[in-house]
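Source file: input_1.pdb; contents: PDB, C-alpha atoms.
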ATOM      1  CA  MET A   1      23.137 -12.452  15.729
ATOM      2  CA  LYS A   2      22.059 -15.918  16.790
ATOM      3  CA  ILE A   3      22.094 -18.458  13.960
ATOM      4  CA  ALA A   4      20.807 -22.044  14.068
ATOM      5  CA  LEU A   5      22.424 -24.705  11.866
ATOM      6  CA  ILE A   6      20.398 -27.837  11.117
ATOM      7  CA  ALA A   7      20.736 -30.534   8.446
ATOM      8  CA  HIS A   8      19.015 -33.778   7.636
ATOM      9  CA  ASP A   9      21.351 -36.781   7.422
ATOM     10  CA  ARG A  10      21.834 -36.679   3.654
ATOM     11  CA  LYS A  11      22.543 -32.931   3.774
ATOM     12  CA  LYS A  12      25.060 -32.852   6.645
ATOM     13  CA  ASP A  13      28.051 -32.998   4.276
ATOM     14  CA  ASN A  14      26.633 -30.008   2.385
ATOM     15  CA  LEU A  15      26.212 -28.014   5.591
ATOM     16  CA  VAL A  16      29.752 -28.842   6.706
ATOM     17  CA  GLN A  17      31.098 -27.646   3.322
ATOM     18  CA  PHE A  18      28.967 -24.520   3.621
ATOM     19  CA  ALA A  19      30.266 -23.791   7.138
ATOM     20  CA  ILE A  20      33.864 -24.219   5.958
ATOM     21  CA  ALA A  21      33.263 -21.820   3.053
ATOM     22  CA  TYR A  22      31.577 -19.200   5.257
ATOM     23  CA  LYS A  23      33.520 -19.733   8.468
ATOM     24  CA  ASP A  24      34.682 -16.098   8.561
ATOM     25  CA  ILE A  25      31.110 -14.813   8.542
ATOM     26  CA  LEU A  26      29.804 -17.453  10.966
ATOM     27  CA  LEU A  27      32.667 -16.726  13.364
ATOM     28  CA  GLU A  28      31.197 -13.266  14.016
ATOM     29  CA  HIS A  29      27.895 -14.669  15.326
ATOM     30  CA  THR A  30      26.540 -16.920  18.071
ATOM     31  CA  LEU A  31      25.885 -20.359  16.633
ATOM     32  CA  TYR A  32      23.506 -23.116  17.685
ATOM     33  CA  ALA A  33      22.952 -26.504  16.099
ATOM     34  CA  THR A  34      21.213 -29.793  16.525
ATOM     35  CA  GLY A  35      23.388 -32.588  17.943
ATOM     36  CA  THR A  36      25.186 -34.484  15.191
ATOM     37  CA  THR A  37      25.136 -31.575  12.764
ATOM     38  CA  GLY A  38      26.753 -29.313  15.347
ATOM     39  CA  GLN A  39      29.433 -31.867  16.156
ATOM     40  CA  ARG A  40      30.302 -32.350  12.487
ATOM     41  CA  VAL A  41      30.588 -28.586  11.916
ATOM     42  CA  ILE A  42      32.710 -28.140  15.065
ATOM     43  CA  GLU A  43      35.096 -30.908  13.975
ATOM     44  CA  ALA A  44      35.441 -29.470  10.459
ATOM     45  CA  THR A  45      35.728 -25.777  11.346
ATOM     46  CA  GLY A  46      36.613 -25.339  15.005
ATOM     47  CA  LEU A  47      33.694 -22.923  15.344
ATOM     48  CA  GLU A  48      32.132 -22.542  18.771
ATOM     49  CA  ILE A  49      28.605 -23.950  18.606
ATOM     50  CA  ALA A  50      26.051 -24.554  21.342
ATOM     51  CA  ARG A  51      24.580 -27.976  20.615
ATOM     52  CA  PHE A  52      21.046 -29.139  21.288
ATOM     53  CA  ARG A  53      19.671 -32.664  21.055
ATOM     54  CA  SER A  54      19.496 -34.268  17.635
ATOM     55  CA  GLY A  55      16.458 -33.249  15.593
ATOM     56  CA  PRO A  56      14.393 -36.424  16.104
ATOM     57  CA  LEU A  57      15.099 -36.295  19.850
ATOM     58  CA  GLY A  58      13.830 -32.740  20.307
ATOM     59  CA  GLY A  59      16.585 -30.505  18.930
ATOM     60  CA  ASP A  60      14.257 -28.943  16.362
ATOM     61  CA  GLN A  61      11.825 -28.155  19.162
ATOM     62  CA  GLN A  62      14.576 -26.627  21.308
ATOM     63  CA  ILE A  63      15.471 -24.285  18.460
ATOM     64  CA  GLY A  64      11.750 -23.649  17.906
ATOM     65  CA  ALA A  65      11.447 -22.587  21.548
ATOM     66  CA  MET A  66      14.212 -20.029  21.025
ATOM     67  CA  ILE A  67      12.385 -18.698  17.966
ATOM     68  CA  ALA A  68       9.102 -18.475  19.918
ATOM     69  CA  ASN A  69      10.938 -16.537  22.646
ATOM     70  CA  ASN A  70      12.343 -14.176  20.008
ATOM     71  CA  ASP A  71      15.826 -15.413  20.828
ATOM     72  CA  MET A  72      16.942 -16.696  17.389
ATOM     73  CA  ASP A  73      17.744 -14.441  14.436
ATOM     74  CA  MET A  74      18.313 -16.820  11.533
ATOM     75  CA  VAL A  75      17.889 -20.505  10.723
ATOM     76  CA  ILE A  76      19.925 -22.401   8.151
ATOM     77  CA  PHE A  77      18.241 -25.769   7.735
ATOM     78  CA  PHE A  78      19.484 -27.957   4.894
ATOM     79  CA  ARG A  79      16.460 -30.181   4.364
ATOM     80  CA  ASP A  80      16.290 -33.403   2.387
ATOM     81  CA  PRO A  81      13.020 -33.141   0.450
ATOM     82  CA  LEU A  82      13.452 -36.599  -1.104
ATOM     83  CA  THR A  83      13.586 -38.648   2.102
ATOM     84  CA  ALA A  84      10.725 -39.128   4.551
ATOM     85  CA  GLN A  85      11.637 -37.821   8.010
ATOM     86  CA  PRO A  86      10.241 -39.500  11.127
ATOM     87  CA  HIS A  87      10.005 -36.116  12.858
ATOM     88  CA  GLU A  88       8.383 -34.247   9.946
ATOM     89  CA  PRO A  89       5.771 -32.606  12.240
ATOM     90  CA  ASP A  90       8.643 -31.034  14.214
ATOM     91  CA  VAL A  91      10.235 -29.808  10.987
ATOM     92  CA  SER A  92       6.944 -28.285   9.833
ATOM     93  CA  ALA A  93       6.469 -26.614  13.218
ATOM     94  CA  LEU A  94       9.969 -25.108  13.073
ATOM     95  CA  ILE A  95       9.365 -23.691   9.601
ATOM     96  CA  ARG A  96       5.996 -22.323  10.719
ATOM     97  CA  LEU A  97       7.607 -20.596  13.719
ATOM     98  CA  CYS A  98      10.149 -18.936  11.427
ATOM     99  CA  ASP A  99       7.253 -17.533   9.406
ATOM    100  CA  VAL A 100       5.265 -16.447  12.474
ATOM    101  CA  TYR A 101       8.222 -14.656  14.090
ATOM    102  CA  GLN A 102       9.765 -13.335  10.864
ATOM    103  CA  VAL A 103      13.011 -15.261  11.293
ATOM    104  CA  PRO A 104      14.976 -15.575   8.038
ATOM    105  CA  LEU A 105      15.120 -19.243   7.007
ATOM    106  CA  ALA A 106      17.252 -20.946   4.372
ATOM    107  CA  THR A 107      16.445 -24.535   3.458
ATOM    108  CA  ASN A 108      19.153 -24.988   0.814
ATOM    109  CA  MET A 109      22.674 -23.846   0.050
ATOM    110  CA  GLY A 110      21.686 -21.178  -2.478
ATOM    111  CA  THR A 111      19.365 -19.367  -0.097
ATOM    112  CA  ALA A 112      21.763 -19.824   2.822
ATOM    113  CA  GLU A 113      24.525 -18.147   0.839
ATOM    114  CA  ILE A 114      22.281 -15.182   0.061
ATOM    115  CA  LEU A 115      21.268 -14.865   3.735
ATOM    116  CA  LEU A 116      24.852 -14.917   5.015
ATOM    117  CA  LYS A 117      26.081 -12.472   2.373
ATOM    118  CA  GLY A 118      23.107 -10.237   3.214
ATOM    119  CA  LEU A 119      23.915 -10.560   6.906
ATOM    120  CA  GLN A 120      27.493  -9.524   6.176
ATOM    121  CA  GLU A 121      26.242  -6.457   4.285
ATOM    122  CA  GLY A 122      23.821  -5.427   7.048
ATOM    123  CA  PHE A 123      20.602  -6.407   5.260
ATOM    124  CA  VAL A 124      19.331  -8.310   8.315
ATOM    125  CA  ASP A 125      20.020  -5.547  10.832
ATOM    126  CA  TRP A 126      16.259  -5.032  11.202
ATOM    127  CA  ARG A 127      16.386  -8.115  13.483
ATOM    128  CA  LEU A 128      18.338  -5.966  15.940
ATOM    129  CA  ILE A 129      15.410  -3.547  16.316
ATOM    130  CA  GLN A 130      13.139  -5.044  18.990
ATOM    131  CA  GLU A 131       9.940  -3.404  17.728
ATOM    132  CA  ARG A 132      10.445  -4.980  14.273
ATOM    133  CA  ARG A 133      10.757  -8.440  15.820
ATOM    134  CA  ASP A 134       7.352  -8.459  17.514
TER     135      ASP A 134
END
Representation of the structure as structure tokens:
Amino acid sequence: MKIALIAHDRKKDNLVQFAIAYKDILLEHTLYATGTTGQRVIEATGLEIARFRSGPLGGDQQIGAMIANNDMDMVIFFRDPLTAQPHEPDVSALIRLCDVYQVPLATNMGTAEILLKGLQEGFVDWRLIQERRD
């Protein structure tokens, strides 16, 4: 499956810790990330990650394009709800696309853990059935 990893600045440390803890599961999938987040995860884990631009420079939109093309299976986006984001419209659009295209989305560590454990157990295999994705 194709998994996007995104984190706001104040949540990047949390996402790095999460990726270290779940490296064995993430290793089995194709990973994508926004710029700085991807670099931090690569440095901490050695995972292979295709990096897009940083979120404010269009990375969120690049991931959104993959979702709109039915080419992304899961998004793990550690958001910072207490800090205003200059690219909030892009963030809202990304979340909306996940809803429109039925892409599982985690916006915090608790939900992300449930999604990855579910992925490991086969609970997200419906994403592999093309008719269910449309």
Q.
Once the PyMOL selection byres ((chain A and resi 20) around 12) is applied to the coordinates I shared, what remains selected? I want it as a PyMOL selection string.
A. chain A and resi 13-19+21-27+40-47
Given the selection you just returned, output its residues as a file containing C-alpha atoms, formatted as a PDB file, in the frame of the given file.
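Dumped everything to selection03.pdb:
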ATOM      1  CA  ASP A  13      28.051 -32.998   4.276  1.00  0.00           C
ATOM      2  CA  ASN A  14      26.633 -30.008   2.385  1.00  0.00           C
ATOM      3  CA  LEU A  15      26.212 -28.014   5.591  1.00  0.00           C
ATOM      4  CA  VAL A  16      29.752 -28.842   6.706  1.00  0.00           C
ATOM      5  CA  GLN A  17      31.098 -27.646   3.322  1.00  0.00           C
ATOM      6  CA  PHE A  18      28.967 -24.520   3.621  1.00  0.00           C
ATOM      7  CA  ALA A  19      30.266 -23.791   7.138  1.00  0.00           C
ATOM      8  CA  ALA A  21      33.263 -21.820   3.053  1.00  0.00           C
ATOM      9  CA  TYR A  22      31.577 -19.200   5.257  1.00  0.00           C
ATOM     10  CA  LYS A  23      33.520 -19.733   8.468  1.00  0.00           C
ATOM     11  CA  ASP A  24      34.682 -16.098   8.561  1.00  0.00           C
ATOM     12  CA  ILE A  25      31.110 -14.813   8.542  1.00  0.00           C
ATOM     13  CA  LEU A  26      29.804 -17.453  10.966  1.00  0.00           C
ATOM     14  CA  LEU A  27      32.667 -16.726  13.364  1.00  0.00           C
ATOM     15  CA  ARG A  40      30.302 -32.350  12.487  1.00  0.00           C
ATOM     16  CA  VAL A  41      30.588 -28.586  11.916  1.00  0.00           C
ATOM     17  CA  ILE A  42      32.710 -28.140  15.065  1.00  0.00           C
ATOM     18  CA  GLU A  43      35.096 -30.908  13.975  1.00  0.00           C
ATOM     19  CA  ALA A  44      35.441 -29.470  10.459  1.00  0.00           C
ATOM     20  CA  THR A  45      35.728 -25.777  11.346  1.00  0.00           C
ATOM     21  CA  GLY A  46      36.613 -25.339  15.005  1.00  0.00           C
ATOM     22  CA  LEU A  47      33.694 -22.923  15.344  1.00  0.00           C
TER      23      LEU A  47
END
**Q.** Atom pair atom CA of Leu116 of chain A / atom CA of Ser92 of chain A: separation (Å)
**A.**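 Computing it gives 22.9 Å between the two atoms.
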Counting only C-alpha atoms, give me one row per residue of segment 86-112 of chain A with an atom at most 7 Å from an atom of segment 71-79 of chain A, showing the shortest contact pair and its distance in Å to one decimal, sorted by chain then residue number, as JSON lines.
{"residue": "A:Val103", "atom": "CA", "partner": "A:Met74", "partner_atom": "CA", "distance": 5.5}
{"residue": "A:Pro104", "atom": "CA", "partner": "A:Met74", "partner_atom": "CA", "distance": 5.0}
{"residue": "A:Leu105", "atom": "CA", "partner": "A:Val75", "partner_atom": "CA", "distance": 4.8}
{"residue": "A:Ala106", "atom": "CA", "partner": "A:Ile76", "partner_atom": "CA", "distance": 4.9}
{"residue": "A:Thr107", "atom": "CA", "partner": "A:Phe78", "partner_atom": "CA", "distance": 4.8}
{"residue": "A:Asn108", "atom": "CA", "partner": "A:Phe78", "partner_atom": "CA", "distance": 5.1}
{"residue": "A:Ala112", "atom": "CA", "partner": "A:Ile76", "partner_atom": "CA", "distance": 6.2}
Q) Which distance in Å separates atom CA of Ile67 of chain A and atom CA of Gln120 of chain A, to one decimal? A)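 Rounded to one decimal, the two atoms are 21.2 Å apart.
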Q) Counting all atoms listed in the file, which of A:Ile63, A:Gln102, A:Gly38, A:Leu57 gets nearest to Pro86 of chain A? A) A:Leu57
Q. For the atom pair atom CA of Val124 of chain A and atom CA of Arg96 of chain A, what is the interatomic distance in Å to one decimal place?
A. 19.5 Å
Q: List the neighbours of His87 of chain A out to 9 Å using only C-alpha atoms; skip same-chain residues closer than 2 positions along the sequence, and give me the result as a list in words.
A: Gly55, Pro56, Leu57, Ala84, Gln85, Pro89, Asp90, Val91 and Ser92 of chain A
Q: Please provide as a PyMOL selection string all residues within 10 Å of Thr36 of chain A, with the sequence filter that same-chain residues fewer than 2 positions apart are discarded (counting all atoms listed in the file).
A: chain A and resi 6-9+12+33-34+38-42+51-55
Q. Out of A:Leu82, A:Gly122, A:Asn70, A:Gly58, which residue has the shortest atom-to-atom distance to Lys2 of chain A when counting only C-alpha atoms?
A.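 Nearest candidate to Lys2 of chain A out of A:Leu82, A:Gly122, A:Asn70, A:Gly58: A:Asn70.
Checking A:Phe123, A:Gly64, A:Thr83, A:Leu5 one by one against Ile95 of chain A, counting all atoms listed in the file, you find the shortest gap at A:Gly64.
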